[in-house]
$ cat model-v2.csv   # CSV, C-alpha atoms and all ligand atoms
chain,number,residue,atom,x,y,z
A,157,MET,CA,22.8,-59.7,-60.3
A,158,GLU,CA,21.4,-56.2,-60.9
A,159,VAL,CA,17.9,-55.9,-59.5
A,160,VAL,CA,15.7,-53.1,-60.8
A,161,HIS,CA,12.6,-52.1,-58.8
A,162,VAL,CA,10.5,-49.6,-60.7
A,163,PRO,CA,8.9,-47.2,-58.2
A,164,VAL,CA,5.1,-47.6,-58.4
A,165,MET,CA,2.9,-44.5,-58.9
A,166,HIS,CA,6.0,-42.2,-58.6
A,167,GLU,CA,4.3,-39.1,-59.9
A,168,GLU,CA,1.3,-39.6,-57.6
A,169,VAL,CA,3.7,-40.1,-54.7
A,170,LEU,CA,5.3,-36.7,-55.3
A,171,GLU,CA,2.0,-35.0,-55.6
A,172,ALA,CA,0.5,-36.8,-52.5
A,173,LEU,CA,3.4,-35.8,-50.3
A,174,LYS,CA,3.4,-32.1,-51.5
A,175,ILE,CA,7.2,-32.1,-51.6
A,176,LYS,CA,8.5,-28.6,-50.8
A,177,ASP,CA,11.9,-27.0,-50.4
A,178,ASN,CA,13.7,-27.8,-47.2
A,179,GLY,CA,11.0,-30.3,-46.2
A,180,ILE,CA,11.8,-33.3,-44.0
A,181,TYR,CA,10.5,-36.7,-45.4
A,182,ILE,CA,10.5,-40.3,-44.2
A,183,ASP,CA,10.5,-43.0,-46.8
A,184,ALA,CA,9.7,-45.8,-44.4
A,185,THR,CA,10.1,-48.5,-47.0
A,186,VAL,CA,13.2,-47.1,-48.8
A,187,GLY,CA,13.8,-50.4,-50.6
A,188,LEU,CA,16.1,-49.8,-53.6
A,189,GLY,CA,15.7,-46.1,-53.2
A,190,GLY,CA,13.5,-45.3,-56.2
A,191,HIS,CA,10.9,-43.1,-54.5
A,192,SER,CA,13.5,-41.6,-52.2
A,193,LYS,CA,15.6,-40.4,-55.2
A,194,ASN,CA,12.5,-38.8,-56.8
A,195,ILE,CA,11.7,-37.0,-53.5
A,196,LEU,CA,15.2,-35.6,-53.2
A,197,ASN,CA,15.2,-34.5,-56.8
A,198,GLN,CA,11.8,-32.8,-56.5
A,199,ALA,CA,12.8,-29.9,-54.3
A,200,GLY,CA,15.9,-28.3,-52.8
A,201,GLY,CA,17.4,-28.7,-49.4
A,202,CYS,CA,15.2,-31.7,-48.4
A,203,THR,CA,16.1,-34.1,-45.6
A,204,LEU,CA,15.3,-37.7,-46.2
A,205,ILE,CA,15.1,-40.5,-43.6
A,206,GLY,CA,15.0,-43.8,-45.3
A,207,ILE,CA,14.0,-46.9,-43.3
A,208,ASP,CA,14.2,-50.5,-44.3
A,209,ARG,CA,14.7,-53.7,-42.3
A,210,ASP,CA,16.5,-55.3,-45.2
A,211,ASP,CA,20.3,-54.7,-45.1
A,212,LYS,CA,20.8,-55.7,-48.8
A,213,ALA,CA,18.2,-53.2,-49.9
A,214,LEU,CA,19.8,-50.5,-47.8
A,215,GLU,CA,23.2,-51.2,-49.4
A,216,ILE,CA,21.7,-50.6,-52.9
A,217,ALA,CA,19.7,-47.5,-51.7
A,218,LYS,CA,22.9,-46.1,-50.2
A,219,GLU,CA,24.7,-46.4,-53.5
A,220,ARG,CA,21.7,-44.9,-55.5
A,221,LEU,CA,21.4,-41.9,-53.1
A,222,LYS,CA,25.1,-41.2,-53.1
A,223,GLY,CA,25.7,-37.5,-53.9
A,224,PHE,CA,22.6,-36.3,-52.1
A,225,GLU,CA,23.1,-34.4,-48.8
A,226,ASN,CA,20.9,-34.9,-45.7
A,227,VAL,CA,20.1,-38.5,-46.2
A,228,HIS,CA,19.9,-40.8,-43.2
A,229,LEU,CA,19.4,-44.6,-43.9
A,230,VAL,CA,18.4,-46.7,-41.0
A,231,ARG,CA,18.0,-50.5,-40.7
A,232,GLU,CA,14.9,-50.8,-38.6
A,233,SER,CA,11.2,-52.0,-38.7
A,234,PHE,CA,8.9,-49.2,-39.7
A,235,SER,CA,6.7,-49.8,-36.6
A,236,ASN,CA,9.6,-48.0,-34.8
A,237,ILE,CA,9.3,-45.0,-37.0
A,238,LYS,CA,8.9,-42.6,-34.1
A,239,SER,CA,12.1,-43.7,-32.3
A,240,VAL,CA,14.0,-43.6,-35.6
A,241,ALA,CA,13.0,-40.0,-36.3
A,242,GLU,CA,13.5,-38.8,-32.7
A,243,GLY,CA,16.9,-40.6,-32.5
A,244,LEU,CA,18.0,-38.5,-35.5
A,245,GLY,CA,16.8,-35.4,-33.8
A,246,TYR,CA,13.5,-34.9,-35.8
A,247,ASP,CA,10.3,-34.8,-33.7
A,248,ARG,CA,8.1,-33.6,-36.6
A,249,VAL,CA,8.4,-34.4,-40.4
A,250,ASN,CA,6.5,-33.0,-43.4
A,251,GLY,CA,5.6,-36.3,-45.1
A,252,ILE,CA,5.8,-40.1,-44.7
A,253,LEU,CA,5.7,-42.7,-47.5
A,254,LEU,CA,4.9,-46.4,-47.0
A,255,ASP,CA,5.3,-48.5,-50.2
A,256,ILE,CA,4.7,-51.8,-48.4
A,257,GLY,CA,5.3,-55.4,-49.2
A,258,VAL,CA,8.2,-57.1,-50.9
A,259,SER,CA,10.6,-55.7,-53.6
A,260,MET,CA,12.1,-57.2,-56.6
A,261,LEU,CA,15.2,-57.9,-54.5
A,262,HIS,CA,13.2,-60.4,-52.5
A,263,LEU,CA,11.4,-62.0,-55.4
A,264,LYS,CA,14.4,-62.2,-57.8
A,265,SER,CA,17.3,-62.9,-55.4
A,266,GLU,CA,18.4,-66.5,-55.4
A,267,ASP,CA,18.9,-67.0,-51.7
A,268,ARG,CA,15.9,-65.4,-50.0
A,269,GLY,CA,13.3,-68.1,-50.3
A,270,PHE,CA,10.3,-66.0,-51.3
A,271,SER,CA,9.5,-67.6,-54.7
A,272,PHE,CA,7.8,-71.0,-55.0
A,273,LEU,CA,9.6,-71.5,-58.3
A,274,SER,CA,13.0,-71.5,-56.7
A,275,ASP,CA,15.2,-74.2,-55.1
A,276,ASP,CA,16.0,-71.9,-52.2
A,277,LEU,CA,15.6,-72.8,-48.6
A,278,LEU,CA,12.3,-71.7,-47.2
A,279,ASP,CA,13.2,-68.4,-45.6
A,280,MET,CA,11.2,-65.3,-46.5
A,281,ARG,CA,12.7,-63.0,-43.9
A,282,MET,CA,13.0,-59.3,-44.9
A,283,ASP,CA,15.3,-58.9,-41.8
A,284,SER,CA,17.9,-61.6,-41.7
A,285,ARG,CA,18.6,-61.0,-38.0
A,286,GLN,CA,15.1,-62.3,-37.2
A,287,ASP,CA,14.8,-65.9,-35.8
A,288,LEU,CA,11.5,-66.9,-37.4
A,289,THR,CA,11.7,-68.3,-41.0
A,290,ALA,CA,9.1,-69.9,-43.3
A,291,GLU,CA,11.0,-73.2,-42.7
A,292,LYS,CA,10.3,-73.0,-39.0
A,293,ILE,CA,6.6,-72.2,-39.5
A,294,VAL,CA,6.2,-75.1,-42.0
A,295,ASN,CA,7.9,-77.6,-39.9
A,296,ARG,CA,6.9,-76.6,-36.4
A,297,TYR,CA,3.5,-74.9,-36.4
A,298,ARG,CA,0.6,-77.2,-35.5
A,299,GLU,CA,-1.8,-78.2,-38.3
A,300,LYS,CA,-4.5,-75.9,-37.1
A,301,GLU,CA,-2.2,-72.9,-36.8
A,302,LEU,CA,-0.9,-73.6,-40.4
A,303,ALA,CA,-4.5,-73.9,-41.7
A,304,ASP,CA,-5.6,-70.7,-39.9
A,305,ILE,CA,-2.6,-68.7,-41.3
A,306,ILE,CA,-3.2,-69.9,-44.8
A,307,TRP,CA,-6.9,-69.2,-44.6
A,308,ARG,CA,-6.5,-65.7,-43.0
A,309,TYR,CA,-3.5,-64.3,-44.8
A,310,GLY,CA,-3.8,-66.2,-48.1
A,311,ASP,CA,-7.6,-66.2,-48.4
A,312,GLU,CA,-7.1,-69.9,-49.5
A,313,ARG,CA,-10.2,-72.0,-49.4
A,314,PHE,CA,-8.3,-75.2,-49.4
A,315,SER,CA,-6.3,-74.1,-46.3
A,316,ARG,CA,-7.2,-77.2,-44.2
A,317,ARG,CA,-6.3,-79.6,-47.0
A,318,ILE,CA,-3.0,-77.9,-47.6
A,319,ALA,CA,-2.1,-77.8,-43.8
A,320,LYS,CA,-2.9,-81.5,-43.6
A,321,ALA,CA,-0.7,-82.3,-46.6
A,322,ILE,CA,2.2,-80.3,-45.1
A,323,VAL,CA,2.0,-82.1,-41.8
A,324,TYR,CA,1.8,-85.5,-43.6
A,325,ALA,CA,4.9,-84.7,-45.7
A,326,ARG,CA,7.0,-83.3,-42.8
A,327,GLN,CA,6.4,-86.5,-40.7
A,328,LYS,CA,8.5,-88.3,-43.3
A,329,LYS,CA,11.2,-85.6,-43.6
A,330,PRO,CA,11.4,-81.9,-42.9
A,331,VAL,CA,10.2,-79.7,-45.7
A,332,LYS,CA,13.2,-77.5,-46.6
A,333,SER,CA,12.9,-75.9,-50.0
A,334,CYS,CA,10.4,-73.6,-51.7
A,335,LYS,CA,10.0,-76.1,-54.6
A,336,GLU,CA,9.3,-79.0,-52.1
A,337,LEU,CA,6.6,-77.0,-50.4
A,338,ALA,CA,5.1,-75.8,-53.8
A,339,GLY,CA,5.0,-79.5,-54.9
A,340,ILE,CA,3.2,-80.6,-51.7
A,341,ILE,CA,0.6,-77.9,-52.2
A,342,GLU,CA,0.3,-78.6,-55.9
A,343,ARG,CA,-0.4,-82.3,-55.2
A,344,ALA,CA,-2.9,-81.4,-52.5
A,345,VAL,CA,-5.1,-79.0,-54.5
A,346,ARG,CA,-5.9,-79.0,-58.2
A,347,ARG,CA,-4.6,-76.2,-60.3
A,348,ARG,CA,-7.4,-73.7,-61.0
A,349,GLY,CA,-6.7,-71.4,-64.0
A,350,ARG,CA,-3.3,-69.9,-64.6
A,351,ILE,CA,-2.4,-69.1,-61.0
A,352,HIS,CA,-0.1,-71.6,-59.3
A,353,PRO,CA,-1.9,-73.3,-56.5
A,354,ALA,CA,0.9,-72.4,-54.0
A,355,THR,CA,0.6,-68.6,-54.6
A,356,ARG,CA,-1.8,-67.9,-51.8
A,357,SER,CA,-0.1,-70.1,-49.3
A,358,PHE,CA,3.3,-68.5,-50.0
A,359,GLN,CA,1.7,-65.1,-49.5
A,360,ALA,CA,0.3,-66.2,-46.2
A,361,LEU,CA,3.7,-67.6,-45.0
A,362,ARG,CA,5.4,-64.4,-46.0
A,363,ILE,CA,2.9,-62.3,-44.0
A,364,GLU,CA,3.3,-64.5,-41.0
A,365,VAL,CA,7.2,-64.6,-41.1
A,366,ASN,CA,7.4,-60.8,-41.4
A,367,LYS,CA,4.3,-60.0,-39.2
A,368,GLU,CA,3.4,-57.6,-42.0
A,369,LEU,CA,-0.1,-56.7,-40.9
A,370,ASP,CA,0.9,-56.0,-37.3
A,371,GLU,CA,3.7,-53.8,-38.6
A,372,LEU,CA,1.3,-51.9,-40.8
A,373,THR,CA,-1.2,-51.2,-38.0
A,374,ALA,CA,1.6,-50.1,-35.6
A,375,VAL,CA,3.2,-47.7,-38.1
A,376,ILE,CA,-0.1,-45.9,-39.0
A,377,ASP,CA,-0.8,-45.6,-35.2
A,378,ALA,CA,2.5,-43.9,-34.7
A,379,VAL,CA,2.3,-41.5,-37.6
A,380,PRO,CA,0.2,-38.7,-36.0
A,381,ASP,CA,2.9,-38.3,-33.3
A,382,ILE,CA,5.6,-37.4,-35.8
A,383,LEU,CA,3.7,-35.7,-38.7
A,384,ALA,CA,3.7,-31.9,-38.7
A,385,ARG,CA,0.4,-30.1,-39.2
A,386,GLU,CA,-0.7,-30.5,-42.9
A,387,GLY,CA,1.9,-33.2,-43.3
A,388,ARG,CA,0.9,-36.1,-45.5
A,389,LEU,CA,1.0,-39.8,-45.1
A,390,CYS,CA,0.9,-41.8,-48.4
A,391,VAL,CA,0.4,-45.5,-48.3
A,392,ILE,CA,0.7,-47.8,-51.3
A,393,SER,CA,-0.5,-51.4,-50.6
A,394,TYR,CA,-0.7,-54.4,-52.8
A,395,HIS,CA,-3.5,-56.7,-51.5
A,396,SER,CA,-6.9,-56.4,-49.9
A,397,LEU,CA,-5.9,-57.3,-46.4
A,398,GLU,CA,-3.4,-54.5,-46.3
A,399,ASP,CA,-5.7,-52.0,-48.0
A,400,ARG,CA,-8.5,-52.8,-45.4
A,401,ILE,CA,-6.1,-52.0,-42.6
A,402,VAL,CA,-5.0,-48.7,-44.2
A,403,LYS,CA,-8.7,-47.7,-44.8
A,404,ASN,CA,-9.8,-48.6,-41.3
A,405,SER,CA,-6.8,-47.0,-39.6
A,406,PHE,CA,-7.3,-43.8,-41.6
A,407,LYS,CA,-11.0,-43.8,-40.6
A,408,ALA,CA,-10.1,-44.3,-36.9
A,409,LEU,CA,-7.6,-41.4,-37.0
A,410,ALA,CA,-10.2,-39.2,-38.7
A,411,LYS,CA,-12.7,-40.0,-36.1
A,412,GLU,CA,-10.3,-39.0,-33.4
A,413,GLY,CA,-9.9,-35.6,-35.2
A,414,LEU,CA,-6.2,-36.2,-36.0
A,415,PHE,CA,-6.5,-36.8,-39.7
A,416,LYS,CA,-8.2,-35.6,-42.8
A,417,ILE,CA,-8.7,-38.3,-45.4
A,418,ILE,CA,-7.6,-37.0,-48.8
A,419,THR,CA,-8.6,-40.1,-50.9
A,420,ARG,CA,-12.2,-41.3,-50.2
A,421,LYS,CA,-11.4,-44.1,-52.7
A,422,PRO,CA,-7.9,-45.4,-53.2
A,423,LEU,CA,-5.9,-44.2,-56.3
A,424,VAL,CA,-4.6,-46.9,-58.7
A,425,PRO,CA,-1.9,-46.7,-61.3
A,426,GLY,CA,-2.9,-45.4,-64.7
A,427,ARG,CA,-3.4,-47.8,-67.7
A,428,GLN,CA,0.0,-46.8,-69.2
A,429,GLU,CA,1.8,-47.6,-65.9
A,430,GLN,CA,0.0,-50.9,-65.6
A,431,ILE,CA,1.1,-51.9,-69.1
A,432,ILE,CA,4.7,-50.8,-68.6
A,433,ASN,CA,5.0,-52.3,-65.1
A,434,PRO,CA,2.6,-55.2,-64.6
A,435,SER,CA,3.6,-55.6,-61.0
A,436,SER,CA,2.0,-52.2,-60.3
A,437,ARG,CA,-1.4,-53.6,-61.2
A,438,SER,CA,-2.6,-54.5,-57.7
A,439,ALA,CA,-1.3,-51.2,-56.1
A,440,LYS,CA,-3.7,-49.0,-54.2
A,441,MET,CA,-2.7,-45.6,-52.8
A,442,ARG,CA,-4.4,-43.9,-49.8
A,443,ILE,CA,-3.5,-40.4,-48.6
A,444,GLY,CA,-4.2,-38.8,-45.2
A,445,GLU,CA,-3.2,-35.4,-43.9
A,446,LYS,CA,-2.5,-34.4,-40.3
A,447,ILE,CA,-4.9,-31.8,-38.9
A,501,LIG,C1,7.8,-52.4,-52.3
A,501,LIG,S1,9.4,-52.3,-51.5
A,501,LIG,C2,9.7,-50.6,-51.6
A,501,LIG,C3,10.4,-50.2,-52.9
A,501,LIG,C4,10.9,-48.8,-52.9
A,501,LIG,N1,9.8,-47.8,-52.7
A,501,LIG,C5,11.6,-48.4,-54.1
A,501,LIG,O1,11.3,-47.5,-54.8
A,501,LIG,O2,12.7,-49.1,-54.4
A,501,LIG,C6,9.1,-52.5,-49.8
A,501,LIG,C7,10.3,-52.4,-49.0
A,501,LIG,O3,9.9,-52.2,-47.6
A,501,LIG,C8,10.6,-53.0,-46.8
A,501,LIG,N2,9.8,-53.3,-45.6
A,501,LIG,C9,8.6,-54.0,-45.7
A,501,LIG,N3,8.1,-54.1,-44.4
A,501,LIG,C10,8.9,-53.4,-43.6
A,501,LIG,C11,8.9,-53.1,-42.2
A,501,LIG,N4,7.9,-53.5,-41.4
A,501,LIG,N5,9.9,-52.3,-41.7
A,501,LIG,C12,10.9,-51.9,-42.5
A,501,LIG,N6,11.0,-52.2,-43.8
A,501,LIG,C13,10.0,-52.9,-44.4
A,501,LIG,C14,11.0,-54.2,-47.6
A,501,LIG,O4,12.2,-54.8,-47.1
A,501,LIG,C15,11.2,-53.6,-49.0
A,501,LIG,O5,12.5,-53.3,-49.2
$ encode --input "model-v2.csv" --output "structure tokens"
Amino acid sequence: MEVVHVPVMHEEVLEALKIKDNGIYIDATVGLGGHSKNILNQAGGCTLIGIDRDDKALEIAKERLKGFENVHLVRESFSNIKSVAEGLGYDRVNGILLDIGVSMLHLKSEDRGFSFLSDDLLDMRMDSRQDLTAEKIVNRYREKELADIIWRYGDERFSRRIAKAIVYARQKKPVKSCKELAGIIERAVRRRGRIHPATRSFQALRIEVNKELDELTAVIDAVPDILAREGRLCVISYHSLEDRIVKNSFKALAKEGLFKIITRKPLVPGRQEQIINPSSRSAKMRIGEKI
């Protein structure tokens, strides 16, 4: 299956990072390589370090970036950005991009367990080497832990009812597939509007499996140590929990005198992009500059 991930806000990314000849850039969420390719095409002699914890994504990125020189692709969590850069011999870089969240590869592949519409086993790991899966959370976490996660990461007001229904169902037999879980949630809460009732719970599980918010906090903390002066950090996030972390982390860095905030308010995709690529609609971009 060919998976296409259209890079979101690609022109804004190039502008945000002020790509220059011979610059060194880290695409810490290289994914299928869309933004990386644009960065390498933008100026001559650039070095690109592409990080992703998903080996399947890296395989596709490798193919897509074939033919460019000075490309290093590394399978790692982006919270380890500093050791990745230093391990390759770079202690300062000119720009860092974080286009966080999942890619089309996760949502459209048949064996990754991200989509509530699929028959896949509940998995949701971006990094297949990791032990924790959505199946383990659903079948092993205590009812209160499940409810807290669904409430905190899914902003789901029926979190307690959903957790109770999951625990009741798993007492009869373990909940194994995405469809099974979606059915349990659908029976526990009534459908409101067009959004599937499992949407928020699935988002919550994904965030817990991949420790997405901890990763985001850790990577932004590490950035000032590896950005050169006037180097830019550009973060694109896709839901309010993430955007709040980016906003508060930027503020904290600015308070410490390490960062100038370039975007007082987040940038969002233009109308045209939102029509052509509906999955860009929730994107918010924030940019900071190392002082
Ligand atoms: C929205 S996609 C990026 C798409 C990419 N910009 C492109 O143009 O194809 C996010 C990517 O970040 C990766 N990712 C998410 N969290 C990560 C983390 N903590 N460490 C490393 N990679 C991560 C995912 O595996 C996914 O491939």
$ atom_distance --input "model-v2.csv" --atom1 "atom CA of A:Ser405" --atom2 "atom CA of A:Ile305"
22.2 Å
$ residues_near_ligand --input "model-v2.csv" --ligand "ligand LIG 501 (chain A)" --cutoff "6 Å" --atoms "all atoms listed in the file" --output "compact mmCIF listing (two decimals) with C-alpha atoms, in the frame of the given file"
# COMPACT_ATOMS: atom_id res chain seq x y z
CA HIS A 161 12.60 -52.10 -58.80
CA PRO A 163 8.90 -47.20 -58.20
CA THR A 185 10.10 -48.50 -47.00
CA VAL A 186 13.20 -47.10 -48.80
CA GLY A 187 13.80 -50.40 -50.60
CA LEU A 188 16.10 -49.80 -53.60
CA GLY A 189 15.70 -46.10 -53.20
CA GLY A 190 13.50 -45.30 -56.20
CA HIS A 191 10.90 -43.10 -54.50
CA ILE A 207 14.00 -46.90 -43.30
CA ASP A 208 14.20 -50.50 -44.30
CA ARG A 209 14.70 -53.70 -42.30
CA ASP A 210 16.50 -55.30 -45.20
CA ALA A 213 18.20 -53.20 -49.90
CA GLU A 232 14.90 -50.80 -38.60
CA SER A 233 11.20 -52.00 -38.70
CA PHE A 234 8.90 -49.20 -39.70
CA ASP A 255 5.30 -48.50 -50.20
CA ILE A 256 4.70 -51.80 -48.40
CA GLY A 257 5.30 -55.40 -49.20
CA VAL A 258 8.20 -57.10 -50.90
CA SER A 259 10.60 -55.70 -53.60
CA MET A 282 13.00 -59.30 -44.90
CA GLU A 371 3.70 -53.80 -38.60
$ closest_residue --input "model-v2.csv" --among "A:Pro380, A:Gly223, A:Gly413, A:Pro422" --to "A:Asp399" --atoms "all atoms listed in the file"
A:Pro422
$ atom_distance --input "model-v2.csv" --atom1 "atom CA of A:Leu173" --atom2 "atom CA of A:Glu386"
10.0 Å
$ residues_around --input "model-v2.csv" --residues "A:Ile363" --least-positions-apart "5" --cutoff "8 Å" --atoms "all atoms listed in the file" --output "list of chain:residue names"
A:Tyr309, A:Glu368, A:Leu369
$ atom_distance --input "model-v2.csv" --atom1 "atom CA of A:Val424" --atom2 "atom CA of A:Asp370"
23.9 Å
$ closest_atom_pairs --input "model-v2.csv" --of "stretch 357-434 of chain A" --to "stretch 333-338 of chain A" --cutoff "12 Å" --atoms "all atoms listed in the file" --output "JSON lines"
{"residue": "A:Ser357", "atom": "CA", "partner": "A:Ala338", "partner_atom": "CA", "distance": 8.9}
{"residue": "A:Phe358", "atom": "CA", "partner": "A:Ala338", "partner_atom": "CA", "distance": 8.4}
{"residue": "A:Leu361", "atom": "CA", "partner": "A:Cys334", "partner_atom": "CA", "distance": 11.2}
{"residue": "A:Arg362", "atom": "CA", "partner": "A:Cys334", "partner_atom": "CA", "distance": 11.9}
$ closest_residue --input "model-v2.csv" --among "A:Ile216, A:Ala325, A:Cys390, A:Leu423" --to "A:Ala184" --atoms "only C-alpha atoms"
A:Cys390
$ closest_residue --input "model-v2.csv" --among "A:Met260, A:Ile195, A:Leu273, A:Val365" --to "A:Tyr297" --atoms "all atoms listed in the file"
A:Val365
$ closest_residue --input "model-v2.csv" --among "A:Ile376, A:Leu263, A:Val230, A:Ile322" --to "A:Leu214" --atoms "all atoms listed in the file"
A:Val230
$ residues_around --input "model-v2.csv" --residues "A:Val402" --least-positions-apart "3" --cutoff "12 Å" --atoms "all atoms listed in the file" --output "JSON, numbers by chain"
{"A": [254, 255, 256, 369, 370, 371, 372, 373, 374, 375, 376, 377, 389, 390, 391, 392, 393, 394, 395, 396, 397, 398, 399, 405, 406, 407, 408, 409, 417, 419, 420, 421, 422, 440, 441, 442, 443, 444]}
$ residues_around --input "model-v2.csv" --residues "A:Gly251" --least-positions-apart "5" --cutoff "7 Å" --atoms "all atoms listed in the file" --output "list in words"
Leu173, Ile180, Tyr181, Ile182, Leu383, Gly387, Arg388 and Leu389 of chain A
$ write_last_selection --input "model-v2.csv" --atoms "C-alpha atoms" --output "compact mmCIF listing (two decimals), in the frame of the given file"
# COMPACT_ATOMS: atom_id res chain seq x y z
CA LEU A 173 3.40 -35.80 -50.30
CA ILE A 180 11.80 -33.30 -44.00
CA TYR A 181 10.50 -36.70 -45.40
CA ILE A 182 10.50 -40.30 -44.20
CA LEU A 383 3.70 -35.70 -38.70
CA GLY A 387 1.90 -33.20 -43.30
CA ARG A 388 0.90 -36.10 -45.50
CA LEU A 389 1.00 -39.80 -45.10
$ residues_around --input "model-v2.csv" --residues "A:Ile341" --least-positions-apart "4" --cutoff "7 Å" --atoms "only C-alpha atoms" --output "list in words"
Ile318, Leu337, Val345, Pro353 and Ala354 of chain A
$ residues_around --input "model-v2.csv" --residues "A:Glu301" --least-positions-apart "4" --cutoff "12 Å" --atoms "all atoms listed in the file" --output "compact mmCIF listing (two decimals) with C-alpha atoms, in the coordinates of the input"
# COMPACT_ATOMS: atom_id res chain seq x y z
CA ILE A 293 6.60 -72.20 -39.50
CA VAL A 294 6.20 -75.10 -42.00
CA ASN A 295 7.90 -77.60 -39.90
CA ARG A 296 6.90 -76.60 -36.40
CA TYR A 297 3.50 -74.90 -36.40
CA ILE A 305 -2.60 -68.70 -41.30
CA ILE A 306 -3.20 -69.90 -44.80
CA TRP A 307 -6.90 -69.20 -44.60
CA ARG A 308 -6.50 -65.70 -43.00
CA TYR A 309 -3.50 -64.30 -44.80
CA SER A 315 -6.30 -74.10 -46.30
CA ARG A 316 -7.20 -77.20 -44.20
CA ILE A 318 -3.00 -77.90 -47.60
CA ALA A 319 -2.10 -77.80 -43.80
CA LYS A 320 -2.90 -81.50 -43.60
CA ILE A 322 2.20 -80.30 -45.10
CA VAL A 323 2.00 -82.10 -41.80
CA ALA A 360 0.30 -66.20 -46.20
CA LEU A 361 3.70 -67.60 -45.00
CA GLU A 364 3.30 -64.50 -41.00
$ closest_residue --input "model-v2.csv" --among "A:Arg317, A:Lys328, A:Arg350, A:Lys212" --to "A:Asp267" --atoms "only C-alpha atoms"
A:Lys212
$ decode --input "model-v2.csv" --residues "stretch 164-175 of chain A" --atoms "N, CA, C and O atoms" --output "PDB file, in the first residue's frame"
ATOM      1  N   VAL A 164       2.212  19.316   6.282  1.00  0.00           N
ATOM      2  CA  VAL A 164       1.315  20.409   6.671  1.00  0.00           C
ATOM      3  C   VAL A 164       2.098  21.719   6.787  1.00  0.00           C
ATOM      4  O   VAL A 164       3.205  21.748   7.314  1.00  0.00           O
ATOM      5  N   MET A 165       1.542  22.811   6.282  1.00  0.00           N
ATOM      6  CA  MET A 165       2.105  24.162   6.362  1.00  0.00           C
ATOM      7  C   MET A 165       3.553  24.195   5.858  1.00  0.00           C
ATOM      8  O   MET A 165       4.429  24.735   6.510  1.00  0.00           O
ATOM      9  N   HIS A 166       3.780  23.559   4.687  1.00  0.00           N
ATOM     10  CA  HIS A 166       5.174  23.373   4.255  1.00  0.00           C
ATOM     11  C   HIS A 166       5.877  24.689   3.943  1.00  0.00           C
ATOM     12  O   HIS A 166       7.068  24.844   4.239  1.00  0.00           O
ATOM     13  N   GLU A 167       5.144  25.652   3.381  1.00  0.00           N
ATOM     14  CA  GLU A 167       5.815  26.936   3.086  1.00  0.00           C
ATOM     15  C   GLU A 167       6.135  27.686   4.368  1.00  0.00           C
ATOM     16  O   GLU A 167       7.215  28.256   4.534  1.00  0.00           O
ATOM     17  N   GLU A 168       5.200  27.633   5.316  1.00  0.00           N
ATOM     18  CA  GLU A 168       5.407  28.296   6.607  1.00  0.00           C
ATOM     19  C   GLU A 168       6.604  27.683   7.343  1.00  0.00           C
ATOM     20  O   GLU A 168       7.346  28.382   8.035  1.00  0.00           O
ATOM     21  N   VAL A 169       6.791  26.362   7.186  1.00  0.00           N
ATOM     22  CA  VAL A 169       7.915  25.686   7.850  1.00  0.00           C
ATOM     23  C   VAL A 169       9.248  26.231   7.328  1.00  0.00           C
ATOM     24  O   VAL A 169      10.151  26.569   8.088  1.00  0.00           O
ATOM     25  N   LEU A 170       9.336  26.333   6.000  1.00  0.00           N
ATOM     26  CA  LEU A 170      10.589  26.805   5.399  1.00  0.00           C
ATOM     27  C   LEU A 170      10.895  28.238   5.839  1.00  0.00           C
ATOM     28  O   LEU A 170      12.044  28.583   6.143  1.00  0.00           O
ATOM     29  N   GLU A 171       9.868  29.056   5.899  1.00  0.00           N
ATOM     30  CA  GLU A 171      10.041  30.438   6.343  1.00  0.00           C
ATOM     31  C   GLU A 171      10.419  30.493   7.821  1.00  0.00           C
ATOM     32  O   GLU A 171      11.319  31.225   8.232  1.00  0.00           O
ATOM     33  N   ALA A 172       9.721  29.671   8.617  1.00  0.00           N
ATOM     34  CA  ALA A 172       9.961  29.667  10.074  1.00  0.00           C
ATOM     35  C   ALA A 172      11.403  29.305  10.380  1.00  0.00           C
ATOM     36  O   ALA A 172      12.040  29.906  11.249  1.00  0.00           O
ATOM     37  N   LEU A 173      11.925  28.312   9.648  1.00  0.00           N
ATOM     38  CA  LEU A 173      13.272  27.821   9.967  1.00  0.00           C
ATOM     39  C   LEU A 173      14.375  28.655   9.309  1.00  0.00           C
ATOM     40  O   LEU A 173      15.555  28.427   9.566  1.00  0.00           O
ATOM     41  N   LYS A 174      14.000  29.620   8.499  1.00  0.00           N
ATOM     42  CA  LYS A 174      14.968  30.488   7.799  1.00  0.00           C
ATOM     43  C   LYS A 174      16.103  29.644   7.184  1.00  0.00           C
ATOM     44  O   LYS A 174      17.273  29.857   7.468  1.00  0.00           O
ATOM     45  N   ILE A 175      15.704  28.699   6.361  1.00  0.00           N
ATOM     46  CA  ILE A 175      16.686  27.758   5.784  1.00  0.00           C
ATOM     47  C   ILE A 175      17.753  28.520   4.997  1.00  0.00           C
ATOM     48  O   ILE A 175      17.445  29.359   4.151  1.00  0.00           O
TER      49      ILE A 175
END
